[in-house]
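Coordinates as given in structure_5.csv (CSV, N, CA and C atoms and all ligand atoms):
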```csv
chain,number,residue,atom,x,y,z
A,36,MET,N,99.2,85.8,83.5
A,36,MET,CA,99.8,84.7,84.2
A,36,MET,C,101.2,84.4,83.6
A,37,LEU,N,102.2,84.3,84.5
A,37,LEU,CA,103.5,84.1,84.0
A,37,LEU,C,104.0,82.7,84.0
A,38,ASN,N,104.8,82.4,83.1
A,38,ASN,CA,105.4,81.0,83.0
A,38,ASN,C,106.8,81.1,83.6
A,39,THR,N,107.0,80.6,84.8
A,39,THR,CA,108.3,80.7,85.4
A,39,THR,C,109.4,79.9,84.7
A,40,THR,N,109.0,79.0,83.8
A,40,THR,CA,110.1,78.2,83.1
A,40,THR,C,110.7,79.1,82.1
A,41,THR,N,110.1,80.2,81.7
A,41,THR,CA,110.6,81.1,80.7
A,41,THR,C,110.8,82.5,81.3
A,42,ALA,N,110.8,82.6,82.6
A,42,ALA,CA,110.9,83.9,83.2
A,42,ALA,C,112.2,84.6,82.8
A,43,THR,N,112.2,85.9,82.5
A,43,THR,CA,113.4,86.5,82.1
A,43,THR,C,113.8,87.6,83.1
A,44,THR,N,113.0,87.9,84.0
A,44,THR,CA,113.3,89.0,85.0
A,44,THR,C,113.2,88.4,86.4
A,45,ALA,N,114.0,89.0,87.3
A,45,ALA,CA,114.0,88.4,88.7
A,45,ALA,C,112.6,88.5,89.4
A,46,TRP,N,111.9,89.6,89.1
A,46,TRP,CA,110.6,89.7,89.8
A,46,TRP,C,109.6,88.6,89.5
A,47,GLU,N,109.7,88.1,88.2
A,47,GLU,CA,108.8,87.1,87.8
A,47,GLU,C,108.9,85.8,88.6
A,48,GLN,N,110.0,85.6,89.3
A,48,GLN,CA,110.2,84.4,90.1
A,48,GLN,C,109.3,84.5,91.3
A,49,HIS,N,108.8,85.7,91.7
A,49,HIS,CA,108.0,85.9,92.9
A,49,HIS,C,106.5,86.0,92.6
A,50,ALA,N,106.1,85.8,91.3
A,50,ALA,CA,104.7,86.0,90.9
A,50,ALA,C,103.8,85.1,91.6
A,51,THR,N,102.7,85.6,92.1
A,51,THR,CA,101.7,84.7,92.7
A,51,THR,C,101.0,83.8,91.7
A,52,CYS,N,101.0,84.2,90.5
A,52,CYS,CA,100.3,83.4,89.4
A,52,CYS,C,101.1,82.3,88.9
A,53,ALA,N,102.4,82.2,89.3
A,53,ALA,CA,103.2,81.1,88.8
A,53,ALA,C,102.6,79.8,89.1
A,54,GLY,N,102.5,79.0,88.1
A,54,GLY,CA,101.9,77.6,88.3
A,54,GLY,C,100.4,77.5,88.3
A,55,THR,N,99.7,78.6,88.2
A,55,THR,CA,98.3,78.6,88.2
A,55,THR,C,97.8,78.3,86.8
A,56,PRO,N,96.6,77.8,86.6
A,56,PRO,CA,96.1,77.5,85.2
A,56,PRO,C,96.0,78.7,84.4
A,57,ILE,N,96.5,78.6,83.1
A,57,ILE,CA,96.5,79.8,82.2
A,57,ILE,C,95.1,80.3,81.9
A,58,GLU,N,94.1,79.4,82.0
A,58,GLU,CA,92.7,79.8,81.7
A,58,GLU,C,92.2,80.8,82.7
A,59,LEU,N,92.8,80.7,83.9
A,59,LEU,CA,92.3,81.7,84.9
A,59,LEU,C,92.6,83.1,84.5
A,60,TRP,N,93.7,83.3,83.7
A,60,TRP,CA,94.1,84.7,83.4
A,60,TRP,C,93.6,85.1,82.0
A,61,TYR,N,93.4,84.1,81.1
A,61,TYR,CA,93.0,84.5,79.8
A,61,TYR,C,91.6,83.9,79.4
A,62,GLY,N,91.0,83.1,80.2
A,62,GLY,CA,89.7,82.5,79.8
A,62,GLY,C,90.0,81.2,79.1
A,63,PRO,N,88.9,80.4,78.9
A,63,PRO,CA,89.0,79.1,78.3
A,63,PRO,C,89.4,79.3,76.8
A,64,ASP,N,90.2,78.4,76.3
A,64,ASP,CA,90.7,78.5,74.9
A,64,ASP,C,89.8,77.8,73.9
A,65,GLU,N,89.1,76.7,74.4
A,65,GLU,CA,88.4,75.8,73.5
A,65,GLU,C,86.9,75.9,73.5
A,66,ARG,N,86.4,76.8,74.3
A,66,ARG,CA,84.9,77.0,74.4
A,66,ARG,C,84.6,78.4,74.8
A,67,PRO,N,83.4,78.8,74.4
A,67,PRO,CA,82.9,80.2,74.8
A,67,PRO,C,82.8,80.2,76.4
A,68,GLU,N,83.0,81.4,76.9
A,68,GLU,CA,82.8,81.6,78.3
A,68,GLU,C,81.6,82.5,78.5
A,69,SER,N,80.7,82.1,79.4
A,69,SER,CA,79.6,82.9,79.8
A,69,SER,C,80.0,84.2,80.5
A,70,GLY,N,79.2,85.1,80.5
A,70,GLY,CA,79.5,86.4,81.3
A,70,GLY,C,79.6,86.1,82.8
A,71,HIS,N,78.8,85.2,83.3
A,71,HIS,CA,78.9,84.8,84.7
A,71,HIS,C,80.2,84.2,85.0
A,72,GLU,N,80.6,83.2,84.1
A,72,GLU,CA,81.9,82.6,84.3
A,72,GLU,C,83.1,83.6,84.3
A,73,ALA,N,83.0,84.4,83.3
A,73,ALA,CA,84.1,85.4,83.1
A,73,ALA,C,84.2,86.3,84.3
A,74,TYR,N,83.0,86.7,84.8
A,74,TYR,CA,83.0,87.6,86.0
A,74,TYR,C,83.8,87.0,87.2
A,75,TRP,N,83.4,85.7,87.5
A,75,TRP,CA,84.0,85.0,88.6
A,75,TRP,C,85.5,84.7,88.4
A,76,ARG,N,85.8,84.3,87.1
A,76,ARG,CA,87.2,84.0,86.8
A,76,ARG,C,88.1,85.3,87.0
A,77,ARG,N,87.6,86.4,86.4
A,77,ARG,CA,88.4,87.6,86.6
A,77,ARG,C,88.5,88.1,88.0
A,78,ARG,N,87.4,87.9,88.7
A,78,ARG,CA,87.5,88.3,90.2
A,78,ARG,C,88.5,87.4,90.9
A,79,HIS,N,88.5,86.1,90.6
A,79,HIS,CA,89.5,85.3,91.3
A,79,HIS,C,90.9,85.7,90.9
A,80,ALA,N,91.2,85.9,89.6
A,80,ALA,CA,92.5,86.3,89.2
A,80,ALA,C,92.9,87.6,89.8
A,81,LYS,N,92.0,88.6,89.9
A,81,LYS,CA,92.3,89.9,90.4
A,81,LYS,C,92.6,89.8,91.9
A,82,THR,N,91.9,88.9,92.6
A,82,THR,CA,92.2,88.7,94.0
A,82,THR,C,93.6,88.2,94.2
A,83,LEU,N,94.1,87.3,93.4
A,83,LEU,CA,95.5,86.8,93.5
A,83,LEU,C,96.4,87.9,93.2
A,84,CYS,N,96.1,88.8,92.3
A,84,CYS,CA,97.0,89.9,92.0
A,84,CYS,C,97.1,90.8,93.1
A,85,THR,N,96.0,91.1,93.9
A,85,THR,CA,96.1,92.0,95.0
A,85,THR,C,97.1,91.4,96.1
A,86,GLN,N,97.3,90.1,96.1
A,86,GLN,CA,98.2,89.5,97.1
A,86,GLN,C,99.6,89.3,96.5
A,87,CYS,N,99.8,89.7,95.3
A,87,CYS,CA,101.1,89.4,94.7
A,87,CYS,C,102.2,90.5,95.1
A,88,PRO,N,103.3,90.0,95.5
A,88,PRO,CA,104.4,90.9,95.9
A,88,PRO,C,105.0,91.7,94.7
A,89,VAL,N,104.8,91.3,93.5
A,89,VAL,CA,105.4,92.0,92.4
A,89,VAL,C,104.3,92.6,91.5
A,90,ARG,N,103.2,93.0,92.0
A,90,ARG,CA,102.2,93.6,91.2
A,90,ARG,C,102.6,94.9,90.5
A,91,THR,N,103.3,95.7,91.2
A,91,THR,CA,103.7,97.0,90.5
A,91,THR,C,104.6,96.7,89.3
A,92,GLN,N,105.6,95.8,89.5
A,92,GLN,CA,106.5,95.5,88.4
A,92,GLN,C,105.7,94.9,87.2
A,93,CYS,N,104.8,94.0,87.6
A,93,CYS,CA,104.0,93.3,86.5
A,93,CYS,C,103.2,94.3,85.8
A,94,LEU,N,102.5,95.1,86.5
A,94,LEU,CA,101.6,96.1,85.8
A,94,LEU,C,102.4,97.1,85.0
A,95,ALA,N,103.5,97.6,85.6
A,95,ALA,CA,104.4,98.5,84.9
A,95,ALA,C,104.8,97.9,83.5
A,96,ASP,N,105.3,96.7,83.6
A,96,ASP,CA,105.8,96.1,82.3
A,96,ASP,C,104.6,95.9,81.3
A,97,GLU,N,103.4,95.7,81.8
A,97,GLU,CA,102.3,95.5,80.9
A,97,GLU,C,101.8,96.8,80.3
A,98,LEU,N,101.9,97.8,81.1
A,98,LEU,CA,101.3,99.1,80.6
A,98,LEU,C,102.2,99.8,79.5
A,99,ILE,N,103.4,99.3,79.4
A,99,ILE,CA,104.3,99.9,78.3
A,99,ILE,C,104.2,99.0,77.1
A,100,GLN,N,103.4,98.0,77.1
A,100,GLN,CA,103.3,97.1,75.9
A,100,GLN,C,102.3,97.8,74.9
A,101,PRO,N,102.5,97.5,73.6
A,101,PRO,CA,101.5,98.0,72.7
A,101,PRO,C,100.1,97.5,73.0
A,102,ARG,N,99.1,98.3,72.6
A,102,ARG,CA,97.7,98.0,72.9
A,102,ARG,C,97.3,96.7,72.3
A,103,ALA,N,97.8,96.4,71.1
A,103,ALA,CA,97.5,95.1,70.4
A,103,ALA,C,98.0,93.9,71.2
A,104,ASP,N,99.0,94.1,72.1
A,104,ASP,CA,99.5,93.0,72.8
A,104,ASP,C,98.9,92.9,74.2
A,105,GLN,N,97.9,93.6,74.5
A,105,GLN,CA,97.3,93.6,75.8
A,105,GLN,C,96.2,92.5,75.9
A,106,HIS,N,96.5,91.5,76.7
A,106,HIS,CA,95.6,90.4,76.8
A,106,HIS,C,95.5,89.9,78.3
A,107,GLY,N,94.4,89.5,78.7
A,107,GLY,CA,94.2,88.8,80.0
A,107,GLY,C,94.4,89.7,81.2
A,108,ILE,N,94.3,89.1,82.4
A,108,ILE,CA,94.4,89.9,83.6
A,108,ILE,C,95.9,90.0,83.9
A,109,ARG,N,96.4,91.2,84.1
A,109,ARG,CA,97.8,91.4,84.5
A,109,ARG,C,97.8,92.5,85.5
A,110,GLY,N,98.5,92.4,86.6
A,110,GLY,CA,98.6,93.4,87.6
A,110,GLY,C,97.2,93.7,88.2
A,111,GLY,N,96.3,92.8,88.2
A,111,GLY,CA,95.0,93.0,88.8
A,111,GLY,C,94.0,93.8,87.9
A,112,MET,N,94.4,94.0,86.6
A,112,MET,CA,93.5,94.8,85.8
A,112,MET,C,93.3,94.0,84.4
A,113,THR,N,92.1,94.2,83.9
A,113,THR,CA,91.8,93.7,82.5
A,113,THR,C,92.4,94.6,81.5
A,114,PRO,N,92.5,94.2,80.3
A,114,PRO,CA,93.1,95.1,79.2
A,114,PRO,C,92.3,96.4,79.1
A,115,ARG,N,91.0,96.3,79.3
A,115,ARG,CA,90.2,97.6,79.2
A,115,ARG,C,90.5,98.5,80.4
A,116,GLU,N,90.7,97.9,81.6
A,116,GLU,CA,91.0,98.7,82.7
A,116,GLU,C,92.4,99.4,82.6
A,117,ARG,N,93.3,98.6,82.0
A,117,ARG,CA,94.7,99.2,81.8
A,117,ARG,C,94.6,100.3,80.8
A,118,GLU,N,93.8,100.1,79.7
A,118,GLU,CA,93.7,101.2,78.8
A,118,GLU,C,93.1,102.4,79.4
A,119,GLN,N,92.1,102.2,80.2
A,119,GLN,CA,91.4,103.3,80.9
A,119,GLN,C,92.4,104.1,81.8
A,120,LEU,N,93.2,103.3,82.5
A,120,LEU,CA,94.2,104.0,83.4
A,120,LEU,C,95.2,104.8,82.5
A,121,LEU,N,95.7,104.3,81.4
A,121,LEU,CA,96.6,105.0,80.6
A,121,LEU,C,95.9,106.3,80.0
A,122,ALA,N,94.6,106.1,79.6
A,122,ALA,CA,93.8,107.3,79.1
A,122,ALA,C,93.7,108.4,80.1
A,123,THR,N,93.5,108.0,81.4
A,123,THR,CA,93.4,109.0,82.5
A,123,THR,C,94.7,109.7,82.6
A,124,TRP,N,95.8,108.9,82.6
A,124,TRP,CA,97.1,109.6,82.8
A,124,TRP,C,97.4,110.5,81.6
A,125,ARG,N,97.0,110.1,80.4
A,125,ARG,CA,97.2,111.0,79.2
A,125,ARG,C,96.4,112.2,79.4
A,126,ARG,N,95.1,112.1,79.7
A,126,ARG,CA,94.2,113.2,79.9
A,126,ARG,C,94.7,114.2,80.9
A,127,ASP,N,95.3,113.7,82.0
A,127,ASP,CA,95.9,114.5,83.1
A,127,ASP,C,97.3,115.0,82.8
A,128,GLY,N,97.8,114.7,81.6
A,128,GLY,CA,99.1,115.2,81.2
A,128,GLY,C,100.3,114.5,82.0
A,129,LEU,N,100.0,113.3,82.5
A,129,LEU,CA,101.0,112.6,83.3
A,129,LEU,C,101.9,111.8,82.4
A,130,ILE,N,101.4,111.4,81.2
A,130,ILE,CA,102.2,110.7,80.2
A,130,ILE,C,101.9,111.3,78.9
A,131,PRO,N,102.9,111.1,77.9
A,131,PRO,CA,102.7,111.7,76.6
A,131,PRO,C,101.4,111.2,75.9
A,132,ALA,N,100.8,112.1,75.2
A,132,ALA,CA,99.6,111.7,74.4
A,132,ALA,C,100.0,111.0,73.1
A,133,ASP,N,101.2,111.3,72.6
A,133,ASP,CA,101.6,110.9,71.2
A,133,ASP,C,102.6,109.9,71.2
A,134,LYS,N,103.0,109.3,72.3
A,134,LYS,CA,104.0,108.3,72.3
A,134,LYS,C,103.9,107.4,73.5
A,135,PRO,N,104.5,106.2,73.5
A,135,PRO,CA,104.4,105.4,74.8
A,135,PRO,C,105.1,106.0,76.0
A,136,ALA,N,104.5,105.8,77.1
A,136,ALA,CA,105.1,106.3,78.3
A,136,ALA,C,106.4,105.5,78.6
A,137,SER,N,107.3,106.1,79.3
A,137,SER,CA,108.5,105.4,79.7
A,137,SER,C,108.3,104.5,80.8
A,138,SER,N,109.1,103.4,81.0
A,138,SER,CA,108.9,102.5,82.1
A,138,SER,C,109.1,103.2,83.4
A,139,GLU,N,110.0,104.1,83.5
A,139,GLU,CA,110.3,104.9,84.7
A,139,GLU,C,109.0,105.7,85.1
A,140,THR,N,108.4,106.4,84.2
A,140,THR,CA,107.3,107.2,84.5
A,140,THR,C,106.1,106.3,85.0
A,141,VAL,N,105.9,105.2,84.3
A,141,VAL,CA,104.8,104.3,84.6
A,141,VAL,C,105.0,103.8,86.0
A,142,ARG,N,106.2,103.4,86.4
A,142,ARG,CA,106.5,102.8,87.7
A,142,ARG,C,106.2,103.9,88.8
A,143,ARG,N,106.7,105.1,88.5
A,143,ARG,CA,106.5,106.2,89.5
A,143,ARG,C,105.0,106.5,89.7
A,144,LEU,N,104.2,106.5,88.6
A,144,LEU,CA,102.8,106.7,88.8
A,144,LEU,C,102.1,105.5,89.5
A,145,LEU,N,102.5,104.3,89.3
A,145,LEU,CA,101.9,103.2,90.0
A,145,LEU,C,102.3,103.2,91.4
A,146,ILE,N,103.5,103.6,91.8
A,146,ILE,CA,103.8,103.7,93.2
A,146,ILE,C,102.9,104.7,93.9
A,147,GLN,N,102.6,105.8,93.2
A,147,GLN,CA,101.6,106.8,93.7
A,147,GLN,C,100.3,106.2,93.9
A,148,LYS,N,99.9,105.3,92.9
A,148,LYS,CA,98.5,104.7,93.0
A,148,LYS,C,98.5,103.6,94.0
A,149,PHE,N,99.5,102.8,94.1
A,149,PHE,CA,99.6,101.7,95.1
A,149,PHE,C,100.7,102.0,96.0
A,150,PRO,N,100.6,102.9,97.0
A,150,PRO,CA,101.8,103.3,97.8
A,150,PRO,C,102.4,102.3,98.6
A,151,THR,N,101.7,101.2,98.9
A,151,THR,CA,102.3,100.1,99.8
A,151,THR,C,103.1,99.1,98.9
A,152,ALA,N,103.0,99.3,97.6
A,152,ALA,CA,103.7,98.3,96.8
A,152,ALA,C,105.2,98.7,96.6
A,153,SER,N,106.0,97.7,96.3
A,153,SER,CA,107.4,97.9,96.1
A,153,SER,C,107.6,98.2,94.6
A,154,ALA,N,108.7,98.9,94.3
A,154,ALA,CA,109.0,99.2,92.9
A,154,ALA,C,110.3,98.6,92.5
A,155,SER,N,110.9,97.8,93.4
A,155,SER,CA,112.3,97.3,93.1
A,155,SER,C,112.1,96.1,92.1
B,201,LIG,S1,100.2,90.9,89.6
B,201,LIG,FE1,98.9,89.2,89.0
B,201,LIG,S2,99.4,88.7,86.8
B,201,LIG,FE2,101.1,90.0,87.7
B,201,LIG,S3,102.6,88.6,88.4
B,201,LIG,FE3,101.3,89.0,90.1
B,201,LIG,S4,99.7,87.4,90.1
B,201,LIG,FE4,100.7,87.4,88.1
```

Starting from the file, lay out its structure as structure tokens.
Ligand code: SF4
Amino acid sequence: MLNTTTATTAWEQHATCAGTPIELWYGPDERPESGHEAYWRRRHAKTLCTQCPVRTQCLADELIQPRADQHGIRGGMTPREREQLLATWRRDGLIPADKPASSETVRRLLIQKFPTASAS
């Protein structure tokens, strides 16, 4: 979930998640979340992401972040799903195994994965 008051890139101004409750994207902060709650919360967040006009940009920016900085739903994927996507790309030789993928490479691969999405 993006905070448009601190947005630093143009695409963030078009984020579907702007203004939504932060708990939707990261879960409740002050109490445990049941598996049932987490399932429906993630499903709702992912649905918003599928309708987001800047999904490719969002996911590309997240996929180049260090693993330790991966939190919450971004680009319609959980941290585990993002890691699995990167692992698949590494296994297939599409990104380096020993260093982070470049932003350009990640964007190109995402456009192939989501061909109707924009990369601008
Ligand atoms: S893809 Fe999802 S998390 Fe990313 S900007 Fe859009 S709504 Fe927000």

Practice task
Among the residues of chain A, find those DSSP assigns to helix (DSSP H, G or I) from the backbone and print them as a PyMOL selection string.
Solution key: chain A and resi 39-41+45-49+57-61+70-85+90-98+102-104+114-126+138-148

Handout entry: 7 Å contact set for segment 130-137 of chain A, only C-alpha atoms, chain neighbours under 5 positions out, as an NGL selection string
Key = :A and (99 or 124-125)

Problem - Of the listed residues A:Ala45, A:Leu144, A:Leu129, A:Ala50, that which approaches Leu83 of chain A most closely, counting only C-alpha atoms - result: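 Looking at the shortest contact to Leu83 of chain A, the residue is A:Ala50.
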
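Using all atoms listed in the file, the nearest neighbour of ligand LIG 201 (chain B) within the list A:Gln119, A:Thr51, A:Thr113, A:Thr44 is A:Thr51.
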
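Residues in contact with Ile57 of chain A at up to 12 Å, not including ones fewer than 2 positions away on its chain and judged by only C-alpha atoms, are Met36, Leu37, Asn38, Cys52, Ala53, Gly54, Thr55, Leu59, Trp60, Tyr61, Gly62, Pro63, Asp64, Arg76, Ala80, His106, Gly107, Ile108 and Arg109 of chain A.
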
Exercise for the section: Compare A:Thr82, A:Ser138, A:Thr123, A:Ser69 by their minimum atom-to-atom distance to Leu94 of chain A, counting only C-alpha atoms, and give me the closest one. Expected result: A:Ser138

Exercise for the section: To one decimal in Å, tell me the separation between atom N of Arg117 of chain A and atom C of Pro67 of chain A. Expected result: 21.9 Å

Exercise for the section: Tell me, in Å to one decimal, how far atom CA of Thr91 of chain A is from atom S2 of ligand LIG 201 (chain B). Expected result: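 Computing it gives 10.1 Å between the two atoms.
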
Fill in the blank from the handout: Closest of A:Thr85, A:Thr140, A:Gln100, A:Gln105 to ligand LIG 201 (chain B), counting only N, CA and C atoms and all ligand atoms, is A:Thr85

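Between ligand LIG 201 (chain B) and the candidates A:Pro101, A:Pro88, A:Pro150, A:Pro114, the tightest atom-to-atom separation, counting all atoms listed in the file, involves A:Pro88.
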
Practice task
Find the residue from A:Ala95, A:Arg102, A:Cys84, A:Leu121 that sits nearest to ligand LIG 201 (chain B); use all atoms listed in the file when measuring.
Solution key: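 Closest residue, counting all atoms listed in the file: A:Cys84.
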
Exercise for the section: Figure out the distance between atom N of His49 of chain A and atom S1 of ligand LIG 201 (chain B), please, to one decimal in Å. Expected result: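 Rounded to one decimal, the two atoms are 10.3 Å apart.
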
For segment 69-80 of chain A, which lacks atoms in the input, supply all heavy atoms and format the output as an mmCIF file, in the frame of the given file.
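Output file result.cif follows:
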```cif
data_model
loop_
_atom_site.group_PDB
_atom_site.id
_atom_site.type_symbol
_atom_site.label_atom_id
_atom_site.label_comp_id
_atom_site.auth_asym_id
_atom_site.auth_seq_id
_atom_site.Cartn_x
_atom_site.Cartn_y
_atom_site.Cartn_z
ATOM 1 N N SER A 69 80.700 82.100 79.400
ATOM 2 C CA SER A 69 79.600 82.900 79.800
ATOM 3 C C SER A 69 80.000 84.200 80.500
ATOM 4 O O SER A 69 81.084 84.196 81.115
ATOM 5 C CB SER A 69 78.558 82.114 80.582
ATOM 6 O OG SER A 69 79.046 81.954 81.908
ATOM 7 N N GLY A 70 79.200 85.100 80.500
ATOM 8 C CA GLY A 70 79.500 86.400 81.300
ATOM 9 C C GLY A 70 79.600 86.100 82.800
ATOM 10 O O GLY A 70 80.489 86.674 83.413
ATOM 11 N N HIS A 71 78.800 85.200 83.300
ATOM 12 C CA HIS A 71 78.900 84.800 84.700
ATOM 13 C C HIS A 71 80.200 84.200 85.000
ATOM 14 O O HIS A 71 80.906 84.523 85.980
ATOM 15 C CB HIS A 71 77.747 83.867 85.038
ATOM 16 C CG HIS A 71 77.688 83.451 86.468
ATOM 17 N ND1 HIS A 71 77.239 84.282 87.462
ATOM 18 C CD2 HIS A 71 78.052 82.288 87.073
ATOM 19 C CE1 HIS A 71 77.303 83.652 88.622
ATOM 20 N NE2 HIS A 71 77.795 82.446 88.417
ATOM 21 N N GLU A 72 80.600 83.200 84.100
ATOM 22 C CA GLU A 72 81.900 82.600 84.300
ATOM 23 C C GLU A 72 83.100 83.600 84.300
ATOM 24 O O GLU A 72 84.013 83.523 85.052
ATOM 25 C CB GLU A 72 82.162 81.509 83.238
ATOM 26 C CG GLU A 72 81.420 80.227 83.404
ATOM 27 C CD GLU A 72 81.717 79.281 82.264
ATOM 28 O OE1 GLU A 72 81.475 79.663 81.100
ATOM 29 O OE2 GLU A 72 82.204 78.176 82.536
ATOM 30 N N ALA A 73 83.000 84.400 83.300
ATOM 31 C CA ALA A 73 84.100 85.400 83.100
ATOM 32 C C ALA A 73 84.200 86.300 84.300
ATOM 33 O O ALA A 73 85.297 86.670 84.761
ATOM 34 C CB ALA A 73 83.831 86.258 81.823
ATOM 35 N N TYR A 74 83.000 86.700 84.800
ATOM 36 C CA TYR A 74 83.000 87.600 86.000
ATOM 37 C C TYR A 74 83.800 87.000 87.200
ATOM 38 O O TYR A 74 84.692 87.560 87.772
ATOM 39 C CB TYR A 74 81.617 87.949 86.418
ATOM 40 C CG TYR A 74 81.554 88.667 87.739
ATOM 41 C CD1 TYR A 74 81.773 90.038 87.815
ATOM 42 C CD2 TYR A 74 81.301 87.974 88.927
ATOM 43 C CE1 TYR A 74 81.741 90.701 89.037
ATOM 44 C CE2 TYR A 74 81.260 88.617 90.147
ATOM 45 C CZ TYR A 74 81.482 89.987 90.194
ATOM 46 O OH TYR A 74 81.453 90.619 91.410
ATOM 47 N N TRP A 75 83.400 85.700 87.500
ATOM 48 C CA TRP A 75 84.000 85.000 88.600
ATOM 49 C C TRP A 75 85.500 84.700 88.400
ATOM 50 O O TRP A 75 86.334 84.734 89.281
ATOM 51 C CB TRP A 75 83.213 83.827 89.041
ATOM 52 C CG TRP A 75 81.948 84.262 89.711
ATOM 53 C CD1 TRP A 75 80.695 84.249 89.185
ATOM 54 C CD2 TRP A 75 81.836 84.872 91.001
ATOM 55 N NE1 TRP A 75 79.799 84.795 90.069
ATOM 56 C CE2 TRP A 75 80.467 85.184 91.197
ATOM 57 C CE3 TRP A 75 82.739 85.179 92.014
ATOM 58 C CZ2 TRP A 75 80.003 85.788 92.364
ATOM 59 C CZ3 TRP A 75 82.271 85.786 93.190
ATOM 60 C CH2 TRP A 75 80.924 86.074 93.353
ATOM 61 N N ARG A 76 85.800 84.300 87.100
ATOM 62 C CA ARG A 76 87.200 84.000 86.800
ATOM 63 C C ARG A 76 88.100 85.300 87.000
ATOM 64 O O ARG A 76 89.129 85.211 87.606
ATOM 65 C CB ARG A 76 87.303 83.514 85.330
ATOM 66 C CG ARG A 76 88.749 83.237 84.904
ATOM 67 C CD ARG A 76 88.827 82.821 83.446
ATOM 68 N NE ARG A 76 88.246 83.770 82.525
ATOM 69 C CZ ARG A 76 88.822 84.913 82.160
ATOM 70 N NH1 ARG A 76 89.980 85.263 82.653
ATOM 71 N NH2 ARG A 76 88.216 85.717 81.307
ATOM 72 N N ARG A 77 87.600 86.400 86.400
ATOM 73 C CA ARG A 77 88.400 87.600 86.600
ATOM 74 C C ARG A 77 88.500 88.100 88.000
ATOM 75 O O ARG A 77 89.557 88.534 88.436
ATOM 76 C CB ARG A 77 87.741 88.737 85.728
ATOM 77 C CG ARG A 77 87.858 88.500 84.244
ATOM 78 C CD ARG A 77 87.239 89.644 83.470
ATOM 79 N NE ARG A 77 87.217 89.359 82.062
ATOM 80 C CZ ARG A 77 86.141 89.468 81.283
ATOM 81 N NH1 ARG A 77 85.006 89.907 81.792
ATOM 82 N NH2 ARG A 77 86.204 89.179 80.012
ATOM 83 N N ARG A 78 87.400 87.900 88.700
ATOM 84 C CA ARG A 78 87.500 88.300 90.200
ATOM 85 C C ARG A 78 88.500 87.400 90.900
ATOM 86 O O ARG A 78 89.213 87.982 91.751
ATOM 87 C CB ARG A 78 86.054 88.110 90.752
ATOM 88 C CG ARG A 78 85.976 88.560 92.182
ATOM 89 C CD ARG A 78 84.557 88.615 92.652
ATOM 90 N NE ARG A 78 84.520 88.825 94.099
ATOM 91 C CZ ARG A 78 83.477 89.187 94.770
ATOM 92 N NH1 ARG A 78 82.345 89.400 94.149
ATOM 93 N NH2 ARG A 78 83.534 89.340 96.069
ATOM 94 N N HIS A 79 88.500 86.100 90.600
ATOM 95 C CA HIS A 79 89.500 85.300 91.300
ATOM 96 C C HIS A 79 90.900 85.700 90.900
ATOM 97 O O HIS A 79 91.802 85.837 91.804
ATOM 98 C CB HIS A 79 89.254 83.822 90.911
ATOM 99 C CG HIS A 79 90.182 82.845 91.563
ATOM 100 N ND1 HIS A 79 90.341 81.572 91.104
ATOM 101 C CD2 HIS A 79 91.028 82.951 92.615
ATOM 102 C CE1 HIS A 79 91.222 80.930 91.848
ATOM 103 N NE2 HIS A 79 91.665 81.753 92.775
ATOM 104 N N ALA A 80 91.200 85.900 89.600
ATOM 105 C CA ALA A 80 92.500 86.300 89.200
ATOM 106 C C ALA A 80 92.900 87.600 89.800
ATOM 107 O O ALA A 80 94.035 87.804 90.312
ATOM 108 C CB ALA A 80 92.516 86.431 87.672
#
```
